[in-house]
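Trainee: As input, take start.txt (compact mmCIF, C-alpha atoms):
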```txt
# COMPACT_ATOMS: atom_id res chain seq x y z
CA MET X 30 0.00 0.00 0.00
CA ASP X 31 2.96 2.35 0.49
CA TYR X 32 3.73 1.93 -3.23
CA VAL X 33 0.14 2.81 -4.08
CA SER X 34 0.38 5.87 -1.90
CA SER X 35 3.57 7.02 -3.68
CA MET X 36 2.00 6.66 -7.10
CA PHE X 37 -1.23 8.31 -6.14
CA SER X 38 -0.25 11.20 -3.90
CA PHE X 39 -2.83 11.89 -1.25
CA ASP X 40 -2.53 15.50 -0.21
CA GLN X 41 -5.32 15.03 2.26
CA ASN X 42 -6.89 12.13 3.98
CA THR X 43 -8.91 9.53 2.09
CA ASP X 44 -12.20 11.16 3.10
CA ASP X 45 -11.29 14.34 1.23
CA LEU X 46 -10.28 12.27 -1.81
CA PHE X 47 -13.63 10.51 -1.83
CA GLU X 48 -15.33 13.86 -1.59
CA THR X 49 -13.42 15.25 -4.57
CA PHE X 50 -14.03 12.22 -6.78
CA SER X 51 -17.43 10.67 -6.50
CA PHE X 52 -17.69 6.91 -6.92
CA PRO X 53 -21.41 6.32 -6.68
CA ASN X 54 -21.35 2.56 -7.08
CA PHE X 55 -18.28 1.64 -4.95
CA GLN X 56 -17.79 1.29 -1.27
CA PRO X 57 -14.43 2.39 0.17
CA ASP X 58 -13.19 -1.18 0.63
CA GLU X 59 -14.18 -2.06 -2.93
CA LEU X 60 -12.52 1.06 -4.29
CA LEU X 61 -9.21 0.22 -2.58
CA GLN X 62 -9.32 -3.28 -4.08
CA VAL X 63 -9.85 -1.87 -7.58
CA LEU X 64 -6.99 0.59 -7.10
CA SER X 65 -4.73 -2.23 -5.90
CA GLU X 66 -5.49 -4.36 -8.98
CA ASP X 67 -4.88 -1.41 -11.33
CA THR X 68 -1.59 -0.66 -9.58
CA ASP X 69 -0.37 -4.26 -10.05
CA LEU X 70 -1.33 -4.08 -13.72
CA LEU X 71 0.55 -0.81 -14.12
CA ILE X 72 3.64 -2.26 -12.46
CA ASN X 73 3.61 -5.25 -14.82
CA LYS X 74 3.26 -3.03 -17.85
CA THR X 75 6.08 -0.79 -16.62
CA ASN X 76 8.40 -3.77 -16.30
CA ASN X 77 7.48 -5.02 -19.76
CA TRP X 78 8.16 -1.64 -21.33
CA GLY X 79 11.63 -1.31 -19.82
CA GLY X 80 11.10 0.78 -16.73
CA SER X 81 10.95 4.57 -16.58
CA GLY X 82 12.06 5.08 -20.19
CA GLY X 83 8.71 3.95 -21.47
CA ARG X 84 10.35 2.09 -24.39
CA ARG X 85 9.78 -1.59 -24.78
CA ARG X 86 12.86 -3.77 -24.85
CA LYS X 87 13.54 -5.44 -28.14
CA ALA X 88 13.97 -9.17 -27.87
CA PRO X 89 17.20 -10.42 -29.39
CA GLU X 90 16.85 -11.98 -32.76
CA THR X 91 17.79 -15.60 -32.94
CA ALA X 92 19.60 -17.24 -35.81
CA SER X 93 16.46 -19.09 -36.73
CA GLY X 94 14.51 -15.85 -36.77
CA THR X 95 16.88 -14.08 -39.16
CA ASN X 96 17.13 -17.02 -41.51
CA LYS X 97 13.49 -17.96 -41.68
CA ASP X 98 13.54 -17.99 -45.45
CA GLU X 99 16.66 -20.21 -45.73
CA ASN X 100 16.28 -23.86 -46.45
CA PRO X 101 17.77 -26.11 -43.72
CA GLY X 102 19.10 -28.34 -46.48
CA ASP X 103 21.13 -25.43 -47.90
CA ASN X 104 22.71 -24.76 -44.51
CA LYS X 105 23.70 -28.39 -44.21
CA LYS X 106 25.19 -28.37 -47.70
CA LYS X 107 27.22 -25.26 -46.92
CA LYS X 108 28.60 -26.88 -43.78
CA ILE X 109 29.62 -29.98 -45.75
CA ILE X 110 31.37 -27.88 -48.41
CA HIS X 111 33.18 -25.84 -45.76
CA ARG X 112 34.30 -29.01 -43.98
CA ASP X 113 35.59 -30.54 -47.24
CA LEU X 114 37.54 -27.37 -48.12
CA GLU X 115 39.07 -27.25 -44.69
CA ARG X 116 40.09 -30.91 -44.92
CA GLN X 117 41.65 -30.31 -48.34
CA ARG X 118 43.54 -27.27 -47.05
CA ARG X 119 44.94 -29.25 -44.14
CA GLN X 120 46.05 -32.07 -46.45
CA GLU X 121 47.85 -29.62 -48.76
CA MET X 122 49.57 -27.98 -45.79
CA THR X 123 50.67 -31.39 -44.53
CA THR X 124 52.10 -32.28 -47.96
CA LEU X 125 53.98 -28.98 -48.26
CA TYR X 126 55.29 -29.32 -44.72
CA GLY X 127 56.56 -32.83 -45.44
CA THR X 128 58.31 -31.62 -48.60
CA LEU X 129 59.96 -28.76 -46.72
CA ARG X 130 61.10 -31.10 -43.96
CA SER X 131 62.63 -33.52 -46.47
CA LEU X 132 64.73 -30.72 -47.98
CA LEU X 133 66.33 -29.72 -44.68
CA PRO X 134 69.63 -31.38 -43.69
CA PRO X 135 69.42 -33.65 -40.62
CA GLU X 136 71.53 -31.30 -38.51
CA TYR X 137 68.85 -28.62 -38.83
CA LEU X 138 66.12 -31.00 -37.63
CA LYS X 139 67.98 -32.49 -34.69
CA GLY X 140 66.06 -31.88 -31.47
CA LYS X 141 63.30 -29.99 -33.30
CA ARG X 142 59.84 -31.52 -33.20
CA SER X 143 57.19 -28.86 -33.72
CA MET X 144 56.23 -27.40 -37.09
CA SER X 145 57.11 -23.89 -35.97
CA ASP X 146 60.63 -25.05 -35.07
CA HIS X 147 61.04 -26.63 -38.49
CA MET X 148 59.88 -23.42 -40.18
CA ASN X 149 62.43 -21.40 -38.21
CA GLN X 150 65.14 -23.90 -39.11
CA ALA X 151 64.18 -23.64 -42.78
CA VAL X 152 64.63 -19.87 -42.64
CA LYS X 153 68.01 -20.35 -40.94
CA TYR X 154 69.05 -22.91 -43.56
CA ILE X 155 68.18 -20.52 -46.40
CA LYS X 156 70.23 -17.74 -44.81
CA ASP X 157 73.18 -20.09 -44.28
CA MET X 158 73.03 -21.20 -47.91
CA GLN X 159 72.96 -17.59 -49.07
CA ASN X 160 76.06 -16.84 -47.00
CA ARG X 161 77.86 -19.89 -48.40
CA ILE X 162 76.96 -18.92 -51.95
CA GLY X 163 78.38 -15.48 -51.30
CA GLU X 164 81.61 -16.97 -49.92
CA PHE X 165 81.99 -19.30 -52.90
CA SER X 166 81.36 -16.44 -55.30
CA GLU X 167 84.14 -14.43 -53.68
CA LYS X 168 86.45 -17.45 -53.79
CA ARG X 169 85.61 -18.03 -57.45
CA ASP X 170 86.49 -14.44 -58.33
CA GLU X 171 89.73 -14.75 -56.40
CA LEU X 172 90.65 -17.95 -58.22
CA LYS X 173 90.01 -16.27 -61.54
CA ARG X 174 92.49 -13.60 -60.58
CA LEU X 175 94.93 -16.31 -59.46
CA SER X 176 94.53 -18.10 -62.77
CA ASN X 177 95.31 -14.92 -64.68
CA SER X 178 98.33 -14.20 -62.51
CA CYS X 179 99.68 -17.74 -62.96
CA SER X 180 98.98 -17.94 -66.69
CA SER X 181 102.44 -16.72 -67.70
CA THR X 182 104.19 -19.55 -65.83
CA SER X 183 101.51 -22.09 -66.67
CA PHE X 184 102.17 -21.95 -70.41
CA ALA X 185 105.96 -21.49 -70.16
CA PRO X 186 107.34 -24.59 -68.43
CA PRO X 187 110.94 -24.78 -67.27
CA LYS X 188 113.54 -25.97 -69.78
CA CYS X 189 113.99 -29.23 -67.90
CA LEU X 190 110.47 -30.25 -68.99
CA ARG X 191 111.08 -29.70 -72.69
CA GLY X 192 111.89 -32.82 -74.63
CA CYS X 193 111.97 -35.05 -71.55
CA PRO X 194 110.84 -38.56 -72.54
CA GLU X 195 109.77 -39.43 -68.99
CA ASP X 196 106.94 -37.88 -66.94
CA THR X 197 107.83 -34.78 -64.97
CA VAL X 198 105.91 -33.38 -61.99
CA ILE X 199 106.33 -29.91 -60.45
CA VAL X 200 104.24 -28.66 -57.49
CA ARG X 201 104.62 -25.06 -56.36
CA PRO X 202 102.56 -22.62 -54.28
CA CYS X 203 100.56 -20.12 -56.26
CA MET X 204 98.75 -17.46 -54.24
CA GLY X 205 97.14 -17.77 -50.85
CA ALA X 206 96.50 -21.43 -49.96
CA SER X 207 96.43 -22.56 -53.61
CA VAL X 208 98.99 -24.83 -55.23
CA GLU X 209 99.84 -25.22 -58.89
CA VAL X 210 100.62 -28.68 -60.27
CA VAL X 211 102.45 -28.87 -63.61
CA ILE X 212 102.75 -32.31 -65.19
CA SER X 213 104.54 -33.04 -68.44
CA THR X 214 103.82 -36.37 -70.13
CA ALA X 215 104.33 -37.92 -73.56
CA MET X 216 101.65 -37.87 -76.24
CA ARG X 217 102.15 -41.61 -76.68
CA GLN X 218 101.85 -43.85 -73.66
CA GLY X 219 101.39 -40.83 -71.44
CA LEU X 220 100.06 -40.35 -67.93
CA PRO X 221 96.23 -40.02 -67.93
CA LEU X 222 94.99 -36.69 -66.61
CA SER X 223 92.11 -38.43 -64.85
CA SER X 224 94.58 -40.35 -62.66
CA VAL X 225 96.18 -37.09 -61.54
CA LEU X 226 92.85 -35.42 -60.78
CA GLN X 227 91.66 -38.44 -58.77
CA ALA X 228 94.88 -38.39 -56.76
CA LEU X 229 94.46 -34.71 -55.95
CA ILE X 230 90.84 -35.19 -54.88
CA ALA X 231 91.90 -38.14 -52.70
CA GLU X 232 94.28 -35.73 -50.92
CA GLY X 233 91.33 -33.50 -50.04
CA LEU X 234 92.01 -30.88 -52.73
CA SER X 235 89.41 -29.00 -54.74
CA ILE X 236 90.16 -28.48 -58.44
CA PHE X 237 89.59 -24.88 -59.52
CA ASN X 238 91.35 -24.75 -62.88
CA CYS X 239 92.85 -27.26 -65.29
CA ILE X 240 94.51 -26.42 -68.63
CA SER X 241 96.13 -28.91 -71.03
CA THR X 242 98.34 -27.78 -73.90
CA LYS X 243 100.83 -29.30 -76.35
CA VAL X 244 104.53 -28.46 -76.12
CA ASP X 245 106.55 -30.13 -78.90
CA GLN X 246 105.62 -33.81 -78.57
CA MET X 247 104.63 -33.52 -74.93
CA LEU X 248 101.39 -32.72 -73.13
CA LEU X 249 101.56 -30.13 -70.37
CA HIS X 250 98.81 -30.21 -67.71
CA THR X 251 98.53 -27.19 -65.40
CA ILE X 252 96.21 -27.67 -62.44
CA VAL X 253 95.33 -25.09 -59.77
CA SER X 254 93.88 -26.59 -56.60
CA GLU X 255 93.26 -25.77 -52.97
CA ALA X 256 92.53 -27.72 -49.80
CA SER X 257 88.77 -27.89 -49.23
CA ASP X 258 89.21 -27.59 -45.44
CA GLY X 259 91.51 -24.55 -45.67
CA ARG X 260 94.67 -26.35 -44.49
CA VAL X 261 98.10 -25.51 -45.90
CA ILE X 262 99.45 -27.97 -48.47
CA ASP X 263 103.09 -29.07 -48.37
CA PRO X 264 104.23 -28.80 -52.05
CA SER X 265 107.18 -31.19 -51.65
CA GLU X 266 105.04 -33.90 -50.06
CA LEU X 267 102.36 -33.59 -52.72
CA GLN X 268 104.99 -33.69 -55.49
CA GLN X 269 106.45 -36.91 -54.10
CA LYS X 270 103.02 -38.58 -54.11
CA LEU X 271 102.38 -37.53 -57.71
CA GLU X 272 105.80 -38.78 -58.80
CA ASP X 273 104.99 -42.15 -57.24
CA LEU X 274 101.73 -42.08 -59.20
CA THR X 275 103.60 -41.73 -62.51
CA LEU X 276 105.46 -44.97 -61.81
CA HIS X 277 102.37 -47.12 -61.24
CA SER X 278 99.63 -45.51 -63.34
CA PRO X 279 98.54 -47.17 -66.62
CA ARG X 280 99.44 -45.44 -69.89
CA VAL X 281 97.26 -44.14 -72.73
CA ASP X 282 97.78 -42.57 -76.17
CA PHE X 283 96.45 -38.99 -76.45
CA ASP X 284 94.73 -37.32 -79.35
CA PHE X 285 95.86 -33.69 -79.32
CA ASP X 286 92.45 -32.28 -80.23
CA VAL X 287 90.84 -34.05 -77.31
CA ALA X 288 93.68 -33.17 -74.94
CA ASN X 289 93.65 -29.54 -76.00
CA GLY X 290 89.92 -29.27 -75.33
CA SER X 291 90.08 -30.90 -71.89
```
What do you get writing this file as structure tokens?

Mentor:
Amino acid sequence: MDYVSSMFSFDQNTDDLFETFSFPNFQPDELLQVLSEDTDLLINKTNNWGGSGGRRRKAPETASGTNKDENPGDNKKKKIIHRDLERQRRQEMTTLYGTLRSLLPPEYLKGKRSMSDHMNQAVKYIKDMQNRIGEFSEKRDELKRLSNSCSSTSFAPPKCLRGCPEDTVIVRPCMGASVEVVISTAMRQGLPLSSVLQALIAEGLSIFNCISTKVDQMLLHTIVSEASDGRVIDPSELQQKLEDLTLHSPRVDFDFDVANGS
């Protein structure tokens, strides 16, 4: 009843109110009951309309309400297509990941298990390869300069090599860690160049330049090589090994055109 009193302000007592407004067909008790029922109805309507603002709250729209016109079969078909595309995408990613993993050297995969680790190792491997390519490019340019600087001695062998019927081997340092091997052999029953190259490779040397030319009736092979691990080569020791090779290697007859183009 206090709530009713606050909504219907009584400036005077209830007798004065009844005198101001005449209710011919109601007794006071009946009138209070009617007012109480109207007040409850007003409270319910106020709550439904959102309180003092007087604006009714809008019920949230459900997914079914916004898509009333859509066919449930279409929704199901869209879900199936989306699931198939997602499965195909995952399969392609798995295939690409397996290919990438197979291209990485084992040392880059050691102790790495997750896909993110393998991706990081792939980036590191690419950077390392780029650095190595740059180093080899610089070494190639340096060897070209070495070849040009050694060309004068390469094509002008010492007099002791001219006209010598037997094989002659000379090993001398060139520039840096490189060594130059000069071998003179006969055109007939001469020392095969392949045997010399295989012997140098067996010693851990990398072949950077090889030139064969004819001097009188002799073939002159000039080979520039360098240790692949950067170590310093002892010319006298290498020369002794190549001289031993000339004593035990099989002999072949050379065609000058082929030898000159090798």

Trainee: Report, in Å to a single decimal, how far apart CA of Ala151 (chain X) and CA of Met122 (chain X) are.

Mentor: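 Pair CA of Met122 (chain X) / CA of Ala151 (chain X) returns 15.5 Å.
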
Trainee: What's the 9 Å shell around region 154-164 of chain X, counting all atoms listed in the file, without same-chain residues fewer than 6 positions away, as a ChimeraX atom specification?

Mentor: /X:133-134,137

Trainee: Enter the distance from CA of Asp103 (chain X) to CA of Gln120 (chain X), in Å, rounded to one decimal.

Mentor: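 Computed distance, CA of Asp103 (chain X) to CA of Gln120 (chain X), equals 25.8 Å.
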
Trainee: Counting all atoms listed in the file, what is within 12 Å of Ala228 (chain X), bar same-chain residues fewer than 5 positions away, as a PyMOL selection string?

Mentor: chain X and resi 210+221-223+233-236+254+267-275+278

Trainee: Name all residues at most 6 Å from Met247 (chain X) (count all atoms listed in the file; drop same-chain ones fewer than 4 positions away) and give them as a list in words.

Mentor: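 In the requested format, the answer is Thr214, Ala215, Met216 and Lys243 of chain X.
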
Trainee: So which one's closest to Val261 (chain X), X:Pro202, X:Gly219, X:Gly102, X:Pro135? Using all atoms listed in the file, please.

Mentor: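 Smallest separation from Val261 (chain X) among the options: X:Pro202.
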
Trainee: Can you work out which one of X:Glu136, X:Glu121, X:Glu115, X:Glu209 has the shortest atom-to-atom distance to Phe237 (chain X), counting all atoms listed in the file?

Mentor: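 Checking each candidate against Phe237 (chain X), we get X:Glu209 as the closest.
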
Trainee: Please, what is the axis-aligned box for every listed atom of region 273-277 of chain X with 4 Å on each side, as centre and edge lengths in Å to one decimal, as AutoDock Vina command-line options?

Mentor:
```
--center_x 103.6 --center_y -44.4 --center_z -59.9 --size_x 11.7 --size_y 13.4 --size_z 13.3
```
